[in-house]
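Here is protein-v7.cif, consisting of mmCIF, C-alpha atoms:
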```cif
data_input
loop_
_atom_site.group_PDB
_atom_site.id
_atom_site.type_symbol
_atom_site.label_atom_id
_atom_site.label_comp_id
_atom_site.auth_asym_id
_atom_site.auth_seq_id
_atom_site.Cartn_x
_atom_site.Cartn_y
_atom_site.Cartn_z
ATOM 1 C CA PRO A 1 84.169 28.531 -20.375
ATOM 2 C CA THR A 2 83.928 27.049 -16.924
ATOM 3 C CA LEU A 3 80.594 26.394 -15.237
ATOM 4 C CA LYS A 4 81.218 29.357 -12.935
ATOM 5 C CA GLU A 5 81.829 31.654 -15.933
ATOM 6 C CA GLN A 6 78.655 30.372 -17.594
ATOM 7 C CA MET A 7 76.627 31.011 -14.444
ATOM 8 C CA GLU A 8 78.048 34.551 -14.135
ATOM 9 C CA PHE A 9 77.099 35.218 -17.757
ATOM 10 C CA ILE A 10 73.532 33.994 -17.102
ATOM 11 C CA LYS A 11 73.285 36.235 -14.012
ATOM 12 C CA GLY A 12 74.519 39.233 -16.051
ATOM 13 C CA VAL A 13 71.946 38.637 -18.789
ATOM 14 C CA LYS A 14 69.176 38.314 -16.205
ATOM 15 C CA ASN A 15 70.251 41.572 -14.528
ATOM 16 C CA MET A 16 70.175 43.383 -17.883
ATOM 17 C CA GLU A 17 66.745 41.922 -18.637
ATOM 18 C CA GLN A 18 65.387 42.997 -15.261
ATOM 19 C CA ALA A 19 66.713 46.529 -15.670
ATOM 20 C CA GLY A 20 64.821 47.011 -18.939
ATOM 21 C CA SER A 21 61.719 45.021 -18.121
ATOM 22 C CA SER A 22 58.125 46.144 -18.271
ATOM 23 C CA HIS A 23 56.551 43.532 -16.063
ATOM 24 C CA LEU A 24 53.445 44.056 -13.977
ATOM 25 C CA PRO A 25 54.203 45.459 -10.519
ATOM 26 C CA PRO A 26 53.180 43.732 -7.269
ATOM 27 C CA SER A 27 49.533 44.211 -6.191
ATOM 28 C CA THR A 28 48.324 44.526 -9.800
ATOM 29 C CA LEU A 29 44.889 42.960 -10.269
ATOM 30 C CA VAL A 30 44.360 40.892 -13.409
ATOM 31 C CA ASN A 31 41.399 39.111 -14.953
ATOM 32 C CA GLY A 32 38.957 41.565 -13.449
ATOM 33 C CA GLY A 33 40.499 41.253 -9.973
ATOM 34 C CA LYS A 34 40.418 37.453 -9.918
ATOM 35 C CA TYR A 35 44.196 37.346 -9.377
ATOM 36 C CA ILE A 36 46.605 39.612 -7.484
ATOM 37 C CA ILE A 37 50.188 39.722 -8.753
ATOM 38 C CA LYS A 38 52.723 39.211 -5.946
ATOM 39 C CA LYS A 39 55.968 39.347 -7.926
ATOM 40 C CA LYS A 40 57.672 38.469 -11.191
ATOM 41 C CA ILE A 41 59.571 35.203 -10.912
ATOM 42 C CA ALA A 42 60.840 34.687 -14.468
ATOM 43 C CA ASN A 43 61.086 36.204 -17.889
ATOM 44 C CA GLY A 44 62.086 34.829 -21.245
ATOM 45 C CA GLY A 45 62.072 36.027 -24.805
ATOM 46 C CA PHE A 46 58.330 36.262 -25.111
ATOM 47 C CA ALA A 47 56.767 36.083 -21.670
ATOM 48 C CA PHE A 48 56.851 37.070 -18.018
ATOM 49 C CA THR A 49 55.890 34.627 -15.264
ATOM 50 C CA TYR A 50 54.494 35.833 -11.956
ATOM 51 C CA ILE A 51 53.476 34.443 -8.597
ATOM 52 C CA ALA A 52 49.944 35.591 -7.857
ATOM 53 C CA VAL A 53 47.171 34.873 -5.386
ATOM 54 C CA ASP A 54 43.815 33.540 -6.518
ATOM 55 C CA ASN A 55 41.420 36.209 -5.248
ATOM 56 C CA HIS A 56 38.122 34.742 -6.477
ATOM 57 C CA PRO A 57 36.013 33.486 -3.523
ATOM 58 C CA GLU A 58 34.258 30.820 -5.628
ATOM 59 C CA SER A 59 37.500 29.380 -7.003
ATOM 60 C CA PRO A 60 38.771 26.048 -5.654
ATOM 61 C CA ASN A 61 42.184 27.747 -5.390
ATOM 62 C CA TYR A 62 40.910 30.802 -3.483
ATOM 63 C CA GLY A 63 43.674 32.310 -1.351
ATOM 64 C CA LYS A 64 46.344 30.027 -2.819
ATOM 65 C CA GLU A 65 49.400 31.001 -4.812
ATOM 66 C CA VAL A 66 49.280 30.362 -8.541
ATOM 67 C CA ALA A 67 51.706 31.105 -11.369
ATOM 68 C CA ILE A 68 50.628 33.356 -14.237
ATOM 69 C CA LYS A 69 52.400 33.496 -17.578
ATOM 70 C CA GLU A 70 51.913 36.675 -19.621
ATOM 71 C CA LEU A 71 52.674 37.018 -23.329
ATOM 72 C CA PHE A 72 55.026 40.011 -23.599
ATOM 73 C CA MET A 73 57.704 40.185 -26.275
ATOM 74 C CA ARG A 74 60.061 42.785 -24.842
ATOM 75 C CA GLU A 75 61.589 43.673 -28.207
ATOM 76 C CA PHE A 76 58.197 44.306 -29.811
ATOM 77 C CA CYS A 77 56.002 45.450 -26.918
ATOM 78 C CA TYR A 78 55.498 48.512 -24.794
ATOM 79 C CA ARG A 79 53.432 48.625 -21.588
ATOM 80 C CA ASP A 80 51.747 51.836 -20.527
ATOM 81 C CA PRO A 81 52.903 52.252 -16.895
ATOM 82 C CA GLN A 82 49.554 53.760 -15.851
ATOM 83 C CA THR A 83 47.023 51.467 -17.544
ATOM 84 C CA PHE A 84 49.272 48.392 -18.045
ATOM 85 C CA LYS A 85 47.890 48.118 -21.586
ATOM 86 C CA VAL A 86 50.344 46.492 -23.997
ATOM 87 C CA THR A 87 51.012 48.017 -27.408
ATOM 88 C CA TYR A 88 52.757 46.013 -30.113
ATOM 89 C CA THR A 89 55.099 47.206 -32.820
ATOM 90 C CA THR A 90 53.581 48.205 -36.129
ATOM 91 C CA SER A 91 56.466 47.015 -38.312
ATOM 92 C CA PRO A 92 55.495 44.153 -40.661
ATOM 93 C CA ASP A 93 58.258 41.882 -39.348
ATOM 94 C CA GLY A 94 57.343 42.692 -35.750
ATOM 95 C CA GLU A 95 53.649 42.036 -36.357
ATOM 96 C CA ARG A 96 54.492 38.682 -37.947
ATOM 97 C CA LEU A 97 56.742 37.700 -35.022
ATOM 98 C CA VAL A 98 54.125 38.746 -32.464
ATOM 99 C CA GLN A 99 51.462 36.697 -34.280
ATOM 100 C CA THR A 100 53.812 33.696 -34.364
ATOM 101 C CA ALA A 101 54.476 34.091 -30.621
ATOM 102 C CA LEU A 102 50.737 34.359 -29.926
ATOM 103 C CA ASN A 103 50.094 31.148 -31.869
ATOM 104 C CA LYS A 104 52.871 29.395 -29.922
ATOM 105 C CA PHE A 105 51.505 30.740 -26.631
ATOM 106 C CA LYS A 106 47.992 29.455 -27.405
ATOM 107 C CA GLY A 107 49.452 26.141 -28.593
ATOM 108 C CA GLU A 108 51.376 25.834 -25.331
ATOM 109 C CA ILE A 109 48.117 26.216 -23.409
ATOM 110 C CA GLU A 110 46.373 23.564 -25.511
ATOM 111 C CA LYS A 111 49.252 21.082 -25.218
ATOM 112 C CA ILE A 112 49.604 21.472 -21.457
ATOM 113 C CA ARG A 113 45.837 21.132 -20.967
ATOM 114 C CA MET A 114 45.913 17.802 -22.841
ATOM 115 C CA CYS A 115 48.453 16.386 -20.377
ATOM 116 C CA ASN A 116 47.507 14.642 -17.176
ATOM 117 C CA HIS A 117 50.671 13.676 -15.354
ATOM 118 C CA PRO A 118 51.985 14.403 -11.833
ATOM 119 C CA ASN A 119 55.189 15.909 -13.271
ATOM 120 C CA ILE A 120 53.395 18.371 -15.559
ATOM 121 C CA ILE A 121 51.718 21.482 -14.151
ATOM 122 C CA ARG A 122 47.986 21.987 -14.568
ATOM 123 C CA ILE A 123 46.474 25.054 -16.188
ATOM 124 C CA PHE A 124 43.518 26.514 -14.303
ATOM 125 C CA ASP A 125 42.581 29.493 -16.432
ATOM 126 C CA ALA A 126 43.442 31.455 -19.576
ATOM 127 C CA PHE A 127 42.325 34.980 -20.415
ATOM 128 C CA SER A 128 43.046 38.115 -22.415
ATOM 129 C CA GLU A 129 43.490 41.492 -20.766
ATOM 130 C CA ASN A 130 45.644 44.614 -21.194
ATOM 131 C CA ASN A 131 45.748 43.834 -24.926
ATOM 132 C CA THR A 132 47.744 40.632 -24.292
ATOM 133 C CA HIS A 133 47.199 37.024 -23.170
ATOM 134 C CA TYR A 134 47.728 35.096 -19.945
ATOM 135 C CA TYR A 135 47.379 31.627 -18.511
ATOM 136 C CA VAL A 136 47.169 30.589 -14.881
ATOM 137 C CA MET A 137 48.811 27.399 -13.678
ATOM 138 C CA GLU A 138 49.647 25.695 -10.448
ATOM 139 C CA TYR A 139 52.586 27.219 -8.632
ATOM 140 C CA LEU A 140 55.246 24.809 -7.416
ATOM 141 C CA PRO A 141 57.627 26.452 -4.936
ATOM 142 C CA GLY A 142 61.295 25.593 -4.836
ATOM 143 C CA GLY A 143 62.686 27.463 -7.828
ATOM 144 C CA SER A 144 63.794 26.298 -11.230
ATOM 145 C CA LEU A 145 66.453 23.717 -11.980
ATOM 146 C CA GLU A 146 68.629 26.547 -13.285
ATOM 147 C CA GLU A 147 68.319 28.420 -9.974
ATOM 148 C CA ARG A 148 69.236 25.297 -8.041
ATOM 149 C CA MET A 149 72.333 24.857 -10.194
ATOM 150 C CA VAL A 150 73.349 28.506 -9.746
ATOM 151 C CA LYS A 151 72.795 28.254 -5.989
ATOM 152 C CA ASN A 152 74.924 25.125 -5.744
ATOM 153 C CA GLY A 153 77.467 26.359 -8.323
ATOM 154 C CA THR A 154 77.758 22.894 -9.782
ATOM 155 C CA PHE A 155 76.032 20.314 -11.918
ATOM 156 C CA PHE A 156 73.644 17.862 -10.310
ATOM 157 C CA PRO A 157 75.087 14.479 -9.393
ATOM 158 C CA GLU A 158 74.304 11.942 -12.123
ATOM 159 C CA GLU A 159 71.714 10.077 -10.061
ATOM 160 C CA GLU A 160 69.787 13.277 -9.248
ATOM 161 C CA ALA A 161 69.938 14.509 -12.865
ATOM 162 C CA LEU A 162 68.631 11.159 -14.096
ATOM 163 C CA SER A 163 65.745 11.302 -11.629
ATOM 164 C CA TYR A 164 64.649 14.635 -13.167
ATOM 165 C CA VAL A 165 64.978 13.279 -16.701
ATOM 166 C CA LYS A 166 62.945 10.171 -15.809
ATOM 167 C CA GLY A 167 60.283 12.349 -14.198
ATOM 168 C CA ILE A 168 59.995 14.441 -17.339
#
```
In structure tokens, write the structure found in this file.
Amino acid sequence: PTLKEQMEFIKGVKNMEQAGSSHLPPSTLVNGGKYIIKKKIANGGFAFTYIAVDNHPESPNYGKEVAIKELFMREFCYRDPQTFKVTYTTSPDGERLVQTALNKFKGEIEKIRMCNHPNIIRIFDAFSENNTHYYVMEYLPGGSLEERMVKNGTFFPEEEALSYVKGI
């Protein structure tokens, strides 16, 4: 398939995912009101990512935008729309997959926290709430590489692509 066809397929999948999603709505308070969700910016197989505002007056990031990643496996989770509490499947396979995802999620936090590099985001906070897990990281505006490719409808020029690879 052509690049355009691939991009259209990706857009279609994202539209289907958004239609059936159970993400937190804007203005939701998390971590006891420390953060205010502004909007969902991404979702994958086992998590949602949001832009939020740090609402804790004693935080060094008070009033600034942060990104929050929430563990939520759409195929194995249900969110109560009133309380936002997450309930997981009770099937043995589902429970095993959720536990594996939780271990990966916690491992992701540990690995990122061990890194100190200008091209790797910093994690500010991690917490459990709504019967699931979250971590808070710096928010870098500008969109993802995928979004930039979709917007331009083309691959990056070789020099620009190499600059991203070298940065990583």
Who sits within 8 Å of Thr89 in chain A, all atoms listed in the file, same chain under 6 positions skipped, as an mmCIF file with C-alpha atoms, keeping the file's coordinate frame:
```cif
data_model
loop_
_atom_site.group_PDB
_atom_site.id
_atom_site.type_symbol
_atom_site.label_atom_id
_atom_site.label_comp_id
_atom_site.auth_asym_id
_atom_site.auth_seq_id
_atom_site.Cartn_x
_atom_site.Cartn_y
_atom_site.Cartn_z
ATOM 1 C CA PHE A 76 58.197 44.306 -29.811
ATOM 2 C CA CYS A 77 56.002 45.450 -26.918
ATOM 3 C CA GLU A 95 53.649 42.036 -36.357
#
```
To verify the selection step, state as a list of chain:residue names which residues the PyMOL selection byres ((chain A and resi 112) around 12) yields on this input.
-> A:Phe105, A:Lys106, A:Gly107, A:Glu108, A:Ile109, A:Glu110, A:Lys111, A:Arg113, A:Met114, A:Cys115, A:Asn116, A:His117, A:Asn119, A:Ile120, A:Ile121, A:Arg122, A:Ile123, A:Phe124, A:Asp125, A:Ala126, A:Tyr135, A:Val136, A:Met137, A:Glu138
For Glu75 in chain A, please output as a PDB file with C-alpha atoms, in the coordinates of the input all residues within 9 Å (counting only C-alpha atoms; exclusion window: fewer than 3 positions along the same chain).
```pdb
ATOM      1  CA  GLY A  45      62.072  36.027 -24.805  1.00  0.00           C
ATOM      2  CA  PHE A  46      58.330  36.262 -25.111  1.00  0.00           C
ATOM      3  CA  PHE A  72      55.026  40.011 -23.599  1.00  0.00           C
ATOM      4  CA  TYR A  78      55.498  48.512 -24.794  1.00  0.00           C
ATOM      5  CA  THR A  89      55.099  47.206 -32.820  1.00  0.00           C
ATOM      6  CA  GLY A  94      57.343  42.692 -35.750  1.00  0.00           C
TER       7      GLY A  94
END
```
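Atom pair CA of Glu160 in chain A / CA of Lys64 in chain A: separated by 29.5 Å.
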Starting from the point (45.6, 39.5, -19.5), work out which residues of protein, DNA or RNA have an atom no more than 10 Å away when counting all atoms listed in the file; state them as an MDAnalysis selection string.
-> chainID A and resid 29:32 68:71 84:86 126:135
CA of Asn43 in chain A to CA of Pro92 in chain A: how many Å, to one decimal?
-> 24.8 Å
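Compared by their closest atoms to Lys104 in chain A, and using all atoms listed in the file, the residues A:Ala47, A:Ile37, A:Tyr62, A:Phe155 rank with A:Ala47 nearest.
Put simply, CA of Gln82 in chain A is 24.5 Å away from CA of Val66 in chain A.
Proximity to Tyr50 in chain A was assessed for A:Leu24, A:Ala161, A:Leu97, A:Ala67 counting all atoms listed in the file; the smallest distance is recorded for A:Ala67.
Of the listed residues A:Ile36, A:Pro118, A:Met73, A:Ile168, the one whose atoms come nearest to Val98 in chain A is A:Met73, with distances taken using only C-alpha atoms.
Among the candidates A:Lys34, A:His23, A:Lys40, A:Lys166, the residue lying nearest to Arg79 in chain A is A:His23 (atoms considered: only C-alpha atoms).
For the set A:Phe156, A:Tyr139, A:Tyr88, A:Tyr35, the residue with the smallest atom-to-atom gap to His56 in chain A is A:Tyr35, counting all atoms listed in the file.
With distances restricted to all atoms listed in the file, A:Ser22 is the closest residue to Phe48 in chain A from A:Thr28, A:Ser22, A:Ser91, A:Asn61.
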